[in-house]
Each structure stands twice: as structure tokens, then as C-alpha cells.
$ cat structure-v8.txt   # compact mmCIF, C-alpha atoms
# COMPACT_ATOMS: atom_id res chain seq x y z
CA MET A 1 11.74 -2.08 -53.65
CA SER A 2 10.99 -5.64 -54.67
CA ALA A 3 7.64 -6.79 -56.00
CA CYS A 4 7.01 -8.73 -52.75
CA GLU A 5 7.61 -5.65 -50.59
CA ASP A 6 5.17 -3.59 -52.69
CA VAL A 7 2.58 -6.32 -52.40
CA ARG A 8 3.06 -6.69 -48.63
CA MET A 9 2.51 -2.97 -48.10
CA ALA A 10 -0.74 -3.15 -50.08
CA LEU A 11 -1.88 -6.42 -48.50
CA GLY A 12 -3.74 -4.84 -45.58
CA ALA A 13 -5.72 -2.49 -47.79
CA HIS A 14 -6.43 -5.36 -50.16
CA ILE A 15 -7.73 -7.59 -47.37
CA LEU A 16 -10.02 -4.81 -46.15
CA GLY A 17 -11.28 -4.14 -49.68
CA ALA A 18 -9.89 -0.61 -49.91
CA LEU A 19 -7.78 -0.96 -53.07
CA ASP A 20 -9.13 0.16 -56.42
CA ALA A 21 -9.93 -2.61 -58.87
CA ASP A 22 -6.79 -2.28 -61.02
CA GLU A 23 -4.43 -2.57 -58.12
CA ALA A 24 -6.41 -5.45 -56.59
CA VAL A 25 -5.98 -7.43 -59.84
CA LEU A 26 -2.19 -6.92 -59.73
CA ILE A 27 -2.02 -8.08 -56.11
CA GLU A 28 -4.12 -11.18 -56.83
CA ALA A 29 -1.82 -12.03 -59.75
CA HIS A 30 1.22 -11.86 -57.48
CA LEU A 31 -0.46 -13.93 -54.74
CA ALA A 32 -1.22 -16.67 -57.28
CA THR A 33 2.51 -17.11 -57.94
CA CYS A 34 4.16 -16.27 -54.56
CA PRO A 35 3.56 -18.80 -51.72
CA GLU A 36 5.19 -16.53 -49.08
CA CYS A 37 2.95 -13.56 -49.82
CA ARG A 38 -0.02 -15.92 -50.10
CA ALA A 39 0.69 -17.32 -46.60
CA GLU A 40 0.87 -13.80 -45.16
CA PHE A 41 -2.37 -12.90 -46.93
CA ASP A 42 -4.19 -15.96 -45.55
CA GLN A 43 -3.02 -15.24 -41.99
CA LEU A 44 -4.09 -11.62 -42.00
CA ARG A 45 -7.34 -12.33 -43.80
CA MET A 46 -8.56 -14.39 -40.83
CA ILE A 47 -8.59 -11.21 -38.74
CA THR A 48 -11.47 -9.78 -40.77
CA VAL A 49 -13.71 -12.47 -39.27
CA LEU A 50 -13.04 -10.92 -35.86
CA LEU A 51 -13.29 -7.33 -37.13
CA ALA A 52 -16.79 -8.15 -38.26
CA LYS A 53 -17.83 -8.99 -34.70
CA VAL A 54 -17.62 -5.40 -33.48
CA SER A 55 -18.92 -2.02 -34.56
CA GLU A 56 -17.19 1.33 -34.58
CA GLU A 57 -19.30 2.27 -31.53
CA ASP A 58 -18.01 -0.78 -29.65
CA ILE A 59 -14.43 0.30 -30.32
CA GLU A 60 -15.13 3.84 -29.17
CA GLN A 61 -16.76 2.46 -26.02
CA ALA A 62 -13.78 0.22 -25.29
CA ALA A 63 -11.43 3.17 -25.79
CA SER A 64 -13.33 5.48 -23.44
CA PRO A 65 -13.98 3.84 -20.05
CA PRO A 66 -16.19 5.77 -17.56
CA HIS A 67 -13.62 7.68 -15.50
CA ALA A 68 -16.11 8.55 -12.75
CA VAL A 69 -16.08 4.84 -11.86
CA LEU A 70 -12.29 4.89 -11.38
CA ASP A 71 -12.55 7.79 -8.92
CA ARG A 72 -15.30 6.02 -7.00
CA MET A 73 -13.31 2.78 -6.87
CA ILE A 74 -10.22 4.52 -5.51
CA ALA A 75 -12.36 6.29 -2.91
CA ALA A 76 -13.94 2.97 -1.94
CA SER A 77 -10.55 1.30 -1.53
CA ALA A 78 -9.27 4.19 0.60
CA LYS A 79 -12.36 3.92 2.81
CA ARG A 80 -11.72 0.23 3.25
CA HIS A 81 -8.22 1.03 4.44
CA ARG A 82 -9.54 3.62 6.86
CA VAL A 83 -11.83 1.02 8.41
CA HIS A 84 -8.92 -1.40 8.69
CA ARG A 85 -6.83 1.23 10.43
CA LEU A 86 -9.69 1.97 12.83
CA LEU A 87 -10.01 -1.70 13.68
CA LEU A 88 -6.26 -2.00 14.16
CA GLY A 89 -6.34 1.03 16.46
CA LEU A 90 -9.17 -0.54 18.39
CA ALA A 91 -7.30 -3.83 18.74
CA ALA A 92 -4.27 -1.92 20.05
CA SER A 93 -6.38 -0.20 22.72
CA LEU A 94 -7.86 -3.51 23.79
CA VAL A 95 -4.35 -4.88 24.20
CA ALA A 96 -3.48 -1.79 26.25
CA VAL A 97 -6.46 -2.45 28.55
CA VAL A 98 -5.41 -6.06 29.04
CA LEU A 99 -1.78 -5.07 29.71
CA ALA A 100 -2.79 -2.37 32.17
CA GLY A 101 -5.12 -4.79 33.95
CA THR A 102 -2.36 -7.36 34.22
CA ALA A 103 0.06 -4.79 35.59
CA TRP A 104 -2.49 -3.74 38.17
CA LEU A 105 -3.02 -7.35 39.29
CA ALA A 106 0.75 -7.90 39.50
CA VAL A 107 1.24 -4.83 41.70
CA ASP A 108 -1.72 -5.80 43.85
CA THR A 109 -0.37 -9.32 44.41
CA SER A 110 3.12 -8.14 45.27
CA GLN A 111 1.65 -5.67 47.75
CA GLU A 112 -0.28 -8.45 49.44
CA ALA A 113 2.84 -10.61 49.55
CA ALA A 114 4.79 -7.74 51.06
CA THR A 115 2.10 -7.21 53.68
CA THR A 116 2.13 -10.88 54.61
CA ALA A 117 5.92 -11.20 54.73
CA ALA A 118 6.65 -7.91 56.45
CA GLY A 119 3.67 -8.24 58.77
CA ALA A 120 5.06 -11.23 60.69
CA PRO A 121 7.70 -9.63 62.89
CA GLU A 122 5.68 -6.49 63.59
CA ALA A 123 2.25 -8.06 63.65
CA ARG A 124 1.12 -6.12 66.68
CA SER A 125 2.41 -2.74 65.59
CA ALA A 126 -0.70 -0.76 64.70
CA PRO A 127 1.11 2.24 63.12
CA ALA A 128 3.07 -0.10 60.86
CA ASP A 129 -0.14 -1.80 59.77
CA ALA A 130 -1.67 1.53 58.98
CA ALA A 131 1.41 2.60 57.03
CA GLN A 132 1.26 -0.61 55.02
CA ARG A 133 -2.41 -0.10 54.32
CA ASP A 134 -1.64 3.38 53.09
CA GLN A 135 1.11 2.04 50.94
CA ALA A 136 -1.22 -0.61 49.53
CA ASN A 137 -3.91 1.96 48.85
CA SER A 138 -1.54 4.38 47.20
CA GLY A 139 -0.16 1.53 45.12
CA ARG A 140 -3.68 0.65 44.07
CA SER A 141 -4.60 4.20 43.19
CA LEU A 142 -1.45 4.58 41.11
CA THR A 143 -2.52 1.74 38.85
CA SER A 144 -6.25 2.33 38.81
CA PRO A 145 -7.70 2.51 35.28
CA SER A 146 -8.74 6.13 35.59
CA GLU A 147 -5.19 7.24 36.37
CA SER A 148 -3.14 5.00 34.13
CA PRO A 149 -1.26 7.16 31.60
CA LEU A 150 -1.28 4.21 29.18
CA LEU A 151 -5.06 4.04 29.25
CA LYS A 152 -5.50 7.79 29.05
CA GLN A 153 -3.39 7.92 25.95
CA ASP A 154 -4.88 5.02 24.02
CA GLU A 155 -8.40 4.55 25.23
CA PRO A 156 -10.41 7.73 25.63
CA ALA A 157 -13.65 5.78 26.08
CA PRO A 158 -14.88 5.02 29.59
CA PRO A 159 -14.39 1.39 30.67
CA ASP A 160 -18.02 0.32 30.05
CA ARG A 161 -17.62 1.21 26.36
CA THR A 162 -14.53 -0.90 25.68
CA VAL A 163 -16.75 -3.93 25.17
CA PRO A 164 -18.48 -3.75 21.76
CA VAL A 165 -22.25 -3.39 21.81
CA ALA A 166 -23.96 -6.38 20.20
CA LEU A 167 -27.30 -5.98 18.39
CA THR A 168 -29.48 -8.48 16.56
CA GLY A 169 -32.27 -8.21 14.04
CA GLU A 170 -34.42 -10.81 12.38
CA GLY A 171 -37.20 -10.94 9.82
CA GLY A 172 -38.28 -12.84 6.72
CA GLY A 173 -35.70 -15.59 7.25
CA VAL A 174 -32.84 -13.10 7.39
CA ARG A 175 -30.86 -12.84 10.60
CA ALA A 176 -28.25 -10.18 11.27
CA LYS A 177 -25.90 -9.66 14.19
CA LEU A 178 -24.09 -6.35 14.56
CA LYS A 179 -21.21 -5.38 16.78
CA LEU A 180 -20.58 -1.69 17.28
CA PHE A 181 -17.17 -0.31 18.14
CA PRO A 182 -16.92 3.35 19.09
CA GLY A 183 -14.18 5.23 17.26
CA ASP A 184 -12.85 8.74 16.94
CA GLU A 185 -14.69 9.43 13.71
CA GLY A 186 -17.95 7.62 14.34
CA THR A 187 -18.76 3.97 14.81
CA THR A 188 -17.32 0.86 13.24
CA VAL A 189 -19.94 -1.78 12.51
CA GLN A 190 -19.21 -5.46 12.18
CA VAL A 191 -22.10 -7.21 10.45
CA SER A 192 -22.74 -10.91 10.18
CA ILE A 193 -25.77 -11.96 8.22
CA SER A 194 -27.40 -15.24 7.29
CA GLY A 195 -30.41 -16.19 5.18
CA VAL A 196 -29.47 -13.95 2.25
CA PRO A 197 -28.92 -15.55 -1.17
CA ASP A 198 -25.45 -15.65 -2.65
CA GLY A 199 -24.79 -12.70 -4.94
CA THR A 200 -27.09 -10.25 -3.13
CA SER A 201 -25.73 -6.72 -2.80
CA CYS A 202 -26.33 -5.41 0.72
CA ARG A 203 -26.22 -1.84 1.96
CA VAL A 204 -25.94 -1.14 5.67
CA THR A 205 -27.37 2.18 6.81
CA ALA A 206 -27.20 3.65 10.28
CA ILE A 207 -30.31 5.54 11.38
CA GLY A 208 -29.73 8.47 13.69
CA MET A 209 -31.89 9.59 16.62
CA ASP A 210 -33.02 12.50 14.47
CA GLY A 211 -33.84 10.22 11.52
CA THR A 212 -30.57 10.87 9.66
CA ARG A 213 -29.61 8.04 7.35
CA SER A 214 -25.86 7.48 7.24
CA PRO A 215 -24.46 4.80 4.90
CA ALA A 216 -22.16 2.39 6.72
CA GLY A 217 -20.98 0.48 3.68
CA SER A 218 -22.15 -2.03 1.13
CA TRP A 219 -20.95 -5.40 -0.01
CA THR A 220 -22.12 -8.36 -2.00
CA ILE A 221 -22.81 -11.70 -0.36
CA ASP A 222 -20.36 -14.06 -1.89
CA ASP A 223 -20.08 -17.80 -1.44
CA ALA A 224 -16.50 -17.28 -0.30
CA ASP A 225 -17.71 -14.97 2.50
CA TYR A 226 -19.76 -17.64 4.19
CA HIS A 227 -16.92 -19.97 5.21
CA GLY A 228 -19.58 -22.35 6.48
CA GLY A 229 -21.04 -19.72 8.82
CA PRO A 230 -22.80 -16.40 8.32
CA ALA A 231 -21.28 -13.85 5.92
CA THR A 232 -19.42 -11.08 7.72
CA PHE A 233 -18.60 -7.55 6.70
CA THR A 234 -17.12 -4.52 8.43
CA GLY A 235 -18.32 -1.00 7.73
CA HIS A 236 -18.19 2.42 9.25
CA THR A 237 -20.70 5.18 9.91
CA GLU A 238 -20.04 8.80 10.76
CA LEU A 239 -22.68 8.66 13.50
CA THR A 240 -21.29 8.22 17.00
CA MET A 241 -22.81 5.48 19.18
CA GLU A 242 -24.97 7.92 21.17
CA ARG A 243 -26.62 9.20 18.01
CA ILE A 244 -27.59 5.80 16.57
CA ARG A 245 -31.19 4.63 16.84
CA GLY A 246 -30.71 1.50 14.77
CA PHE A 247 -29.63 0.07 11.43
CA ASP A 248 -31.22 -1.34 8.37
CA ILE A 249 -29.78 -3.58 5.69
CA ARG A 250 -31.18 -3.25 2.19
CA THR A 251 -30.41 -4.70 -1.21
CA ALA A 252 -28.80 -2.50 -3.86
CA THR A 253 -32.26 -1.82 -5.25
CA GLY A 254 -33.59 -0.60 -1.91
CA LYS A 255 -35.57 -3.63 -0.72
CA ARG A 256 -35.23 -3.93 3.04
CA LEU A 257 -33.73 -7.23 4.19
CA VAL A 258 -33.75 -6.65 7.93
CA SER A 259 -33.94 -3.89 10.56
CA ILE A 260 -31.76 -3.88 13.63
CA PRO A 261 -32.93 -1.61 16.47
CA TYR A 262 -30.40 -0.30 18.98
CA THR A 263 -32.25 -0.94 22.23
CA ARG A 264 -30.49 0.47 25.27
CA MET B 1 -1.40 7.30 1.27
CA SER B 2 0.25 4.22 2.75
CA PRO B 3 2.39 1.95 0.53
CA ALA B 4 -0.38 -0.66 0.69
CA GLY B 5 -2.87 1.95 -0.47
CA THR B 6 -0.65 2.87 -3.40
CA ALA B 7 -0.31 -0.76 -4.46
CA ASP B 8 -4.07 -1.16 -4.18
CA GLU B 9 -4.65 1.97 -6.19
CA GLN B 10 -2.26 0.65 -8.82
CA LEU B 11 -4.17 -2.62 -9.07
CA ILE B 12 -7.46 -0.75 -9.33
CA ARG B 13 -6.11 1.46 -12.10
CA THR B 14 -4.81 -1.56 -13.99
CA LEU B 15 -8.16 -3.35 -13.69
CA PHE B 16 -9.92 -0.20 -14.80
CA ASP B 17 -7.62 0.49 -17.77
CA GLU B 18 -7.79 -3.07 -19.04
CA HIS B 19 -11.45 -3.86 -18.55
CA ALA B 20 -13.67 -0.90 -17.65
CA GLY B 21 -14.34 0.34 -21.18
CA SER B 22 -15.53 -2.92 -22.66
CA LEU B 23 -17.23 -4.05 -19.45
CA TYR B 24 -19.17 -0.79 -19.36
CA GLY B 25 -20.09 -1.18 -23.03
CA TYR B 26 -21.33 -4.70 -22.39
CA VAL B 27 -23.40 -3.79 -19.32
CA LEU B 28 -24.81 -0.69 -20.99
CA ARG B 29 -26.16 -2.89 -23.82
CA LEU B 30 -27.84 -5.12 -21.22
CA THR B 31 -29.35 -2.40 -19.05
CA GLY B 32 -29.67 0.62 -21.32
CA ASP B 33 -29.06 2.67 -18.18
CA PRO B 34 -25.69 4.48 -17.96
CA GLY B 35 -25.92 5.04 -14.18
CA LYS B 36 -26.74 1.43 -13.46
CA ALA B 37 -24.03 0.29 -15.88
CA GLU B 38 -21.46 2.36 -13.97
CA ASP B 39 -22.60 0.84 -10.66
CA VAL B 40 -22.30 -2.68 -12.06
CA VAL B 41 -18.82 -2.02 -13.50
CA GLN B 42 -17.68 -0.57 -10.19
CA GLU B 43 -19.05 -3.50 -8.18
CA THR B 44 -17.57 -6.05 -10.60
CA LEU B 45 -14.07 -4.56 -10.66
CA LEU B 46 -14.04 -4.03 -6.89
CA ARG B 47 -14.85 -7.69 -6.45
CA ALA B 48 -11.92 -8.62 -8.65
CA TRP B 49 -9.76 -6.30 -6.57
CA LYS B 50 -10.92 -7.84 -3.30
CA HIS B 51 -10.39 -11.39 -4.57
CA PRO B 52 -7.10 -11.14 -6.47
CA ASP B 53 -6.94 -14.95 -6.71
CA VAL B 54 -9.57 -14.78 -9.47
CA LEU B 55 -7.08 -12.80 -11.54
CA THR B 56 -4.54 -15.60 -11.62
CA ASP B 57 -6.24 -18.94 -11.95
CA ARG B 58 -8.91 -18.42 -14.60
CA PRO B 59 -9.67 -16.28 -17.66
CA VAL B 60 -10.25 -12.85 -16.12
CA ARG B 61 -12.49 -11.61 -18.88
CA ALA B 62 -14.98 -14.44 -18.65
CA TRP B 63 -15.06 -14.06 -14.87
CA LEU B 64 -15.67 -10.30 -14.99
CA PHE B 65 -18.38 -10.58 -17.64
CA THR B 66 -20.10 -13.37 -15.71
CA VAL B 67 -20.09 -11.38 -12.46
CA ALA B 68 -21.38 -8.28 -14.29
CA ARG B 69 -24.13 -10.25 -15.98
CA ASN B 70 -25.19 -11.82 -12.68
CA LEU B 71 -25.37 -8.39 -11.07
CA VAL B 72 -27.59 -7.20 -13.93
CA VAL B 73 -29.79 -10.27 -13.50
CA ASP B 74 -30.05 -9.57 -9.75
CA HIS B 75 -31.08 -5.98 -10.41
CA HIS B 76 -33.63 -7.27 -12.86
CA ARG B 77 -35.08 -9.83 -10.44
CA ALA B 78 -35.32 -7.19 -7.73
CA ARG B 79 -37.19 -4.95 -10.19
CA LYS B 80 -39.46 -7.82 -11.16
CA SER B 81 -40.56 -8.26 -7.55
CA ARG B 82 -42.08 -4.80 -7.68
CA PRO B 83 -45.54 -5.20 -9.18
CA GLN B 84 -45.88 -1.73 -10.70
CA GLU B 85 -43.26 -2.36 -13.36
CA THR B 86 -43.75 -4.64 -16.31
CA THR B 87 -40.70 -6.68 -17.09
CA ASP B 88 -41.24 -8.60 -20.32
CA GLU B 89 -39.04 -6.25 -22.31
CA ALA B 90 -36.28 -6.25 -19.70
CA LEU B 91 -36.33 -10.05 -19.56
CA ALA B 92 -35.49 -10.22 -23.24
CA VAL B 93 -32.09 -8.61 -22.72
CA ILE B 94 -30.77 -11.10 -20.16
CA PRO B 95 -28.30 -13.14 -22.15
CA ALA B 96 -27.87 -16.89 -22.24
CA ASP B 97 -24.49 -18.52 -21.64
CA ASP B 98 -23.49 -18.74 -25.31
CA GLU B 99 -24.34 -15.09 -25.71
CA LEU B 100 -22.03 -14.36 -22.79
CA GLU B 101 -19.21 -16.21 -24.55
CA ARG B 102 -19.82 -14.24 -27.72
CA ALA B 103 -19.81 -10.99 -25.75
CA VAL B 104 -16.50 -11.87 -24.06
CA GLU B 105 -15.02 -12.52 -27.50
CA SER B 106 -16.36 -9.50 -29.32
CA TRP B 107 -15.54 -7.07 -26.50
CA GLY B 108 -12.05 -8.56 -26.45
CA VAL B 109 -11.74 -7.69 -30.14
CA ALA B 110 -13.02 -4.17 -29.46
CA ASP B 111 -10.40 -3.81 -26.72
CA ALA B 112 -7.63 -5.07 -28.96
CA ILE B 113 -8.52 -2.50 -31.62
CA ALA B 114 -8.92 0.24 -29.01
CA ALA B 115 -5.43 -0.59 -27.69
CA LEU B 116 -3.77 -0.08 -31.11
CA ARG B 117 -1.70 3.03 -31.72
CA PRO B 118 -4.08 5.86 -32.70
CA GLU B 119 -2.80 6.08 -36.29
CA HIS B 120 -3.29 2.34 -36.75
CA ARG B 121 -6.77 2.48 -35.27
CA ALA B 122 -7.61 5.42 -37.53
CA VAL B 123 -6.81 3.62 -40.80
CA LEU B 124 -8.79 0.54 -39.73
CA LEU B 125 -11.78 2.71 -38.88
CA GLU B 126 -11.58 4.49 -42.24
CA THR B 127 -10.96 1.53 -44.52
CA TYR B 128 -12.93 -1.23 -42.82
CA TYR B 129 -15.64 0.26 -40.62
CA ARG B 130 -16.40 3.29 -42.80
CA GLY B 131 -15.80 1.39 -46.02
CA ARG B 132 -13.53 4.05 -47.53
CA SER B 133 -11.04 3.41 -50.31
CA VAL B 134 -7.34 4.08 -49.82
CA LYS B 135 -7.74 7.36 -51.73
CA GLU B 136 -10.77 8.47 -49.64
CA ALA B 137 -9.08 7.50 -46.39
CA ALA B 138 -5.96 9.44 -47.41
CA GLU B 139 -8.09 12.55 -47.94
CA ALA B 140 -10.00 12.08 -44.68
CA LEU B 141 -6.82 11.61 -42.66
CA GLY B 142 -4.69 14.11 -44.58
CA ILE B 143 -1.90 11.62 -45.35
CA PRO B 144 -0.56 10.18 -48.66
CA PRO B 145 -2.31 7.08 -50.09
CA GLY B 146 0.96 5.09 -49.77
CA THR B 147 0.96 5.80 -46.02
CA VAL B 148 -2.66 4.61 -45.71
CA LYS B 149 -1.64 1.34 -47.37
CA SER B 150 1.44 0.66 -45.25
CA ARG B 151 -0.32 1.71 -42.04
CA THR B 152 -3.22 -0.61 -42.82
CA TYR B 153 -0.78 -3.48 -43.27
CA TYR B 154 1.09 -2.70 -40.02
CA ALA B 155 -2.20 -2.12 -38.20
CA LEU B 156 -3.39 -5.62 -39.14
CA ARG B 157 -0.09 -7.16 -38.04
CA ALA B 158 -0.23 -5.28 -34.71
CA LEU B 159 -3.85 -6.31 -34.28
CA LYS B 160 -2.97 -9.94 -34.89
CA LEU B 161 -0.46 -9.76 -32.02
CA ALA B 162 -2.93 -7.93 -29.75
CA LEU B 163 -5.57 -10.60 -30.44
CA GLU B 164 -3.10 -13.40 -29.76
CA GLU B 165 -2.19 -11.77 -26.42
CA ARG B 166 -5.86 -11.88 -25.49
CA GLY B 167 -6.26 -15.48 -26.56
CA LEU B 168 -8.43 -14.41 -29.48
CA ALA B 169 -6.18 -15.38 -32.39
CA PRO B 170 -8.31 -16.29 -35.38
$ encode --input "structure-v8.txt" --output "C-alpha cells"
Amino acid sequence: MSACEDVRMALGAHILGALDADEAVLIEAHLATCPECRAEFDQLRMITVLLAKVSEEDIEQAASPPHAVLDRMIAASAKRHRVHRLLLGLAASLVAVVLAGTAWLAVDTSQEAATTAAGAPEARSAPADAAQRDQANSGRSLTSPSESPLLKQDEPAPPDRTVPVALTGEGGGVRAKLKLFPGDEGTTVQVSISGVPDGTSCRVTAIGMDGTRSPAGSWTIDDADYHGGPATFTGHTELTMERIRGFDIRTATGKRLVSIPYTR
Amino acid sequence: MSPAGTADEQLIRTLFDEHAGSLYGYVLRLTGDPGKAEDVVQETLLRAWKHPDVLTDRPVRAWLFTVARNLVVDHHRARKSRPQETTDEALAVIPADDELERAVESWGVADAIAALRPEHRAVLLETYYRGRSVKEAAEALGIPPGTVKSRTYYALRALKLALEERGLAP
């Protein structure tokens, strides 16, 4: 092993002041005469400036992140996906309603056309008229919303619930609009809020008829969320529409920003 | 779990592994409250996850530490609005901008050391932070003095690379 190699191996301990005095003197003597080892020494020595900026506790902290937070973050991201899937499902059922409605109109129109066209030569034949009326009625009943297999499959809610319920609440300069969408596992809540400072953490809570408080999600108002209009957020509560008395939106520290009653 | 969920989970784990330890340490110093520090770390990292653009076009560390500090300040302001609590002490811990820069740097150093191989980290802890000689460190770690020396040298070289990767080269 050459003198340089011996010195290099001891350089770290020398820089950190861990060599005994005799050995340190030998290393210094070599550094005074060897530019290469000197350059390496100068480079590594700079690191001690940074080492001095942290404590052993800091290093232990950095090496042991709080794992409970990881679990909560993964749960939060999964929840977000569940809400997205619910909304996608809802959008699909709305499309189904529109398609079914269109089909119904198409059948209805063709029936009328048939009546008009076929009616001309046999205009005075009462039994034929009656038969055509029956046919028209049966055609109508086949495509009525309550009987459509498409609707039965995709939209269990009665027709008056396919339109989201809109609620508003106002107070102290804060204005919130909520849209409620019924779902299989509760209610999806679309919130748009204005009058809340950027950076505020908001928690939406659904309040049940029996006083139950069910969290519907939390988010932080972010400049990027505003897009020139109110900030919007979509959450989900386990409470079904019938069981909801209202909502409140609070900051992360529990200060109430606004209450939104569900008046029926 | 859908493929999108898996990719999201992967990003969350990466964010957590790279930043959660030092971010938590930083926030804990500001708040002194482990529960609140966990909440702030969670909120900060979830924001980074929801806005992945912030991870590409600016120094991630500075962004995360700024968001975390702002969340702490918000908590503090909310507390201040409640009259029953005095806040002079709490006010003293809210850092100024240059303190934030120093925190980003020093927690980056802590991360770089934490990311070293365990045997490298161990010799640095013994020789530098506990002030032990090569002989004392060899006894504490149960390895020959020559190994303490060479490991200390390689640990410093590895640390230099880790610091350069983090933009913290001296």
C-alpha cells in the first residue's frame, strides 16, 4: 500500500478530528508535500461545514418518518378515487336517462307519423283507429321511464332525484353553494365556496336528522382552485339524502365558516 | 386497486420516503405538537400529490417547507383569534424567510446523512456527532480501528455525492 493510499484511508477520520495526535501529525506532513492528497482533503473538509448544521436528533428524525401519516395519505387518495368513480357512475346514469328519453321521443314521433300516413286511406274506419291508438299506447308504455330496462339497471333513483339538489349558505362574507348527488353509499357533495382566504383549510361536515356529524371531506383553498370563480371541491358523506339536515364548513381548527341548511 | 390508484400510491410513497422525515422534524420544531405536525405533513404532501406540476418546475424542498410553514402560521392565526389563549410564546416560533432557507438547507443535510448506508452513518455519528476517537468508535461499533478509518473516508465521499444530488454541495 502506498503512502498516498494510507493517507486517503485516514483522511476522513482526520477531517473529523478522530485521529490520535501522532497519526494526525504524520497525515499533515504528507498533505504538506502531496498536492493530490491536499486537494482531496480540502474538498472533503468543506463537508464539515454542513455537518455542523444538524444534530444527531435531526438525523434520527430524518431517518424515521411518521408512518401513520403514510397510511392516512394512502387512505385519503383511495377515498378521492372512490368519489371520482361515484361521479363517473352518476354521469353514466345521466347519459342513460338522456338516451332513454331520446329513444322514447323517437318512437313517439314515428308512431305519430305512422298514424298520419296510415290513417289517410282508412280515415273513417273506427276499429282501425282504435287499433292504432292501442298500438300507440302500447308503444308508449314500452318506452316509459318506469319500464325501461336501461333505466332500471343504471338509475335506481326515482326520476325526481336525478336532478342534483342545490343548497346555499351565507354568513360573514362567506358564500357556499352545494350540490347533492344521491349515490349507493351515501351522498356526493359538490361544494363551491367564495369569500374564504387563500390557504384556508376547510372541512365539510354533513349533519344528520338525528344530529350525527359525518365528515364529507376536507381541502385547502388554493389560489389555483379559484380559476377566477369560486373554489370548488367534491366530497362524500355516508349519510343518504333523506338523513341529511344540513352541512357546515369549518376551518381545520374548528372555526365555523358557514352553515348550509337543507330546506325541503 | 385500479392501475391509477397504484400509480398514485407509488407517488405518495415516494413523496413520503423522500420528504416526510425531515418535513415532520421541521414542523415539530415549529409547533412542538406531534399530532399537529403529522397533520401538517399529511396536508403538505397531499397537496404536492394533487399538484404534481410543483414537483417538476421548482425546487420541491423549498416548496414543501413553505407550504408546511404557511399551514403552521394559519393554525397559529386561528388559535390567536381565540381570546382564552395567550400567543406571545407561539408567535416567537414562526420563522422568517431566511430562517426557512436555513431550515431547507439543514434538513436537506440531515436527509443526506440519513440516506447513507447504515455503516457509513454509524461511523459519522460516532466520530463527528459523539466526538469519539477512531479507537473509541471501533470499540463502540465492534469493528477494527482500520475499518473505522476507511469507512469514515468512504462515508464522507458518499455524503459529498448525496449532498451534490440535493443541490447542497459545499
$ residues_around --input "structure-v8.txt" --residues "Ala115 of chain B" --least-positions-apart "4" --cutoff "12 Å" --atoms "all atoms listed in the file" --output "list of chain:residue names"
A:Ile59, A:Glu60, A:Gln61, A:Ala62, A:Ala63, A:Ser64, B:Asp17, B:Glu18, B:His19, B:Gly21, B:Ser22, B:Gly108, B:Val109, B:Ala110, B:Asp111, B:Glu119, B:His120, B:Arg121, B:Ala122, B:Ala155, B:Ala158, B:Leu159, B:Leu161, B:Ala162, B:Leu163, B:Glu165, B:Arg166
$ closest_residue --input "structure-v8.txt" --among "A:Gly217, A:Gly17, A:Gly211, A:Pro35" --to "Gly246 of chain A" --atoms "only C-alpha atoms"
A:Gly211
$ interface_residues --input "structure-v8.txt" --of "chain A" --to "chain B" --cutoff "9 Å" --atoms "only C-alpha atoms" --output "ChimeraX atom specification"
/A:8-14,16-20,43-44,46-56,58-70,72-74,76-78,81,199-201,219-220,251-255
$ write_last_selection --input "structure-v8.txt" --atoms "C-alpha atoms" --output "short mmCIF file (atom, residue, chain, number, x, y, z; two decimals), keeping the file's coordinate frame"
data_model
loop_
_atom_site.label_atom_id
_atom_site.label_comp_id
_atom_site.auth_asym_id
_atom_site.auth_seq_id
_atom_site.Cartn_x
_atom_site.Cartn_y
_atom_site.Cartn_z
CA ARG A 8 3.06 -6.69 -48.63
CA MET A 9 2.51 -2.97 -48.10
CA ALA A 10 -0.74 -3.15 -50.08
CA LEU A 11 -1.88 -6.42 -48.50
CA GLY A 12 -3.74 -4.84 -45.58
CA ALA A 13 -5.72 -2.49 -47.79
CA HIS A 14 -6.43 -5.36 -50.16
CA LEU A 16 -10.02 -4.81 -46.15
CA GLY A 17 -11.28 -4.14 -49.68
CA ALA A 18 -9.89 -0.61 -49.91
CA LEU A 19 -7.78 -0.96 -53.07
CA ASP A 20 -9.13 0.16 -56.42
CA GLN A 43 -3.02 -15.24 -41.99
CA LEU A 44 -4.09 -11.62 -42.00
CA MET A 46 -8.56 -14.39 -40.83
CA ILE A 47 -8.59 -11.21 -38.74
CA THR A 48 -11.47 -9.78 -40.77
CA VAL A 49 -13.71 -12.47 -39.27
CA LEU A 50 -13.04 -10.92 -35.86
CA LEU A 51 -13.29 -7.33 -37.13
CA ALA A 52 -16.79 -8.15 -38.26
CA LYS A 53 -17.83 -8.99 -34.70
CA VAL A 54 -17.62 -5.40 -33.48
CA SER A 55 -18.92 -2.02 -34.56
CA GLU A 56 -17.19 1.33 -34.58
CA ASP A 58 -18.01 -0.78 -29.65
CA ILE A 59 -14.43 0.30 -30.32
CA GLU A 60 -15.13 3.84 -29.17
CA GLN A 61 -16.76 2.46 -26.02
CA ALA A 62 -13.78 0.22 -25.29
CA ALA A 63 -11.43 3.17 -25.79
CA SER A 64 -13.33 5.48 -23.44
CA PRO A 65 -13.98 3.84 -20.05
CA PRO A 66 -16.19 5.77 -17.56
CA HIS A 67 -13.62 7.68 -15.50
CA ALA A 68 -16.11 8.55 -12.75
CA VAL A 69 -16.08 4.84 -11.86
CA LEU A 70 -12.29 4.89 -11.38
CA ARG A 72 -15.30 6.02 -7.00
CA MET A 73 -13.31 2.78 -6.87
CA ILE A 74 -10.22 4.52 -5.51
CA ALA A 76 -13.94 2.97 -1.94
CA SER A 77 -10.55 1.30 -1.53
CA ALA A 78 -9.27 4.19 0.60
CA HIS A 81 -8.22 1.03 4.44
CA GLY A 199 -24.79 -12.70 -4.94
CA THR A 200 -27.09 -10.25 -3.13
CA SER A 201 -25.73 -6.72 -2.80
CA TRP A 219 -20.95 -5.40 -0.01
CA THR A 220 -22.12 -8.36 -2.00
CA THR A 251 -30.41 -4.70 -1.21
CA ALA A 252 -28.80 -2.50 -3.86
CA THR A 253 -32.26 -1.82 -5.25
CA GLY A 254 -33.59 -0.60 -1.91
CA LYS A 255 -35.57 -3.63 -0.72
#
$ residues_around --input "structure-v8.txt" --residues "Arg245 of chain A" --least-positions-apart "4" --cutoff "8 Å" --atoms "all atoms listed in the file" --output "list in words"
Ala206, Ile207, Gly208, Met209, Pro261, Tyr262 and Thr263 of chain A
$ atom_distance --input "structure-v8.txt" --atom1 "atom CA of Pro230 of chain A" --atom2 "atom CA of Arg80 of chain A"
20.6 Å
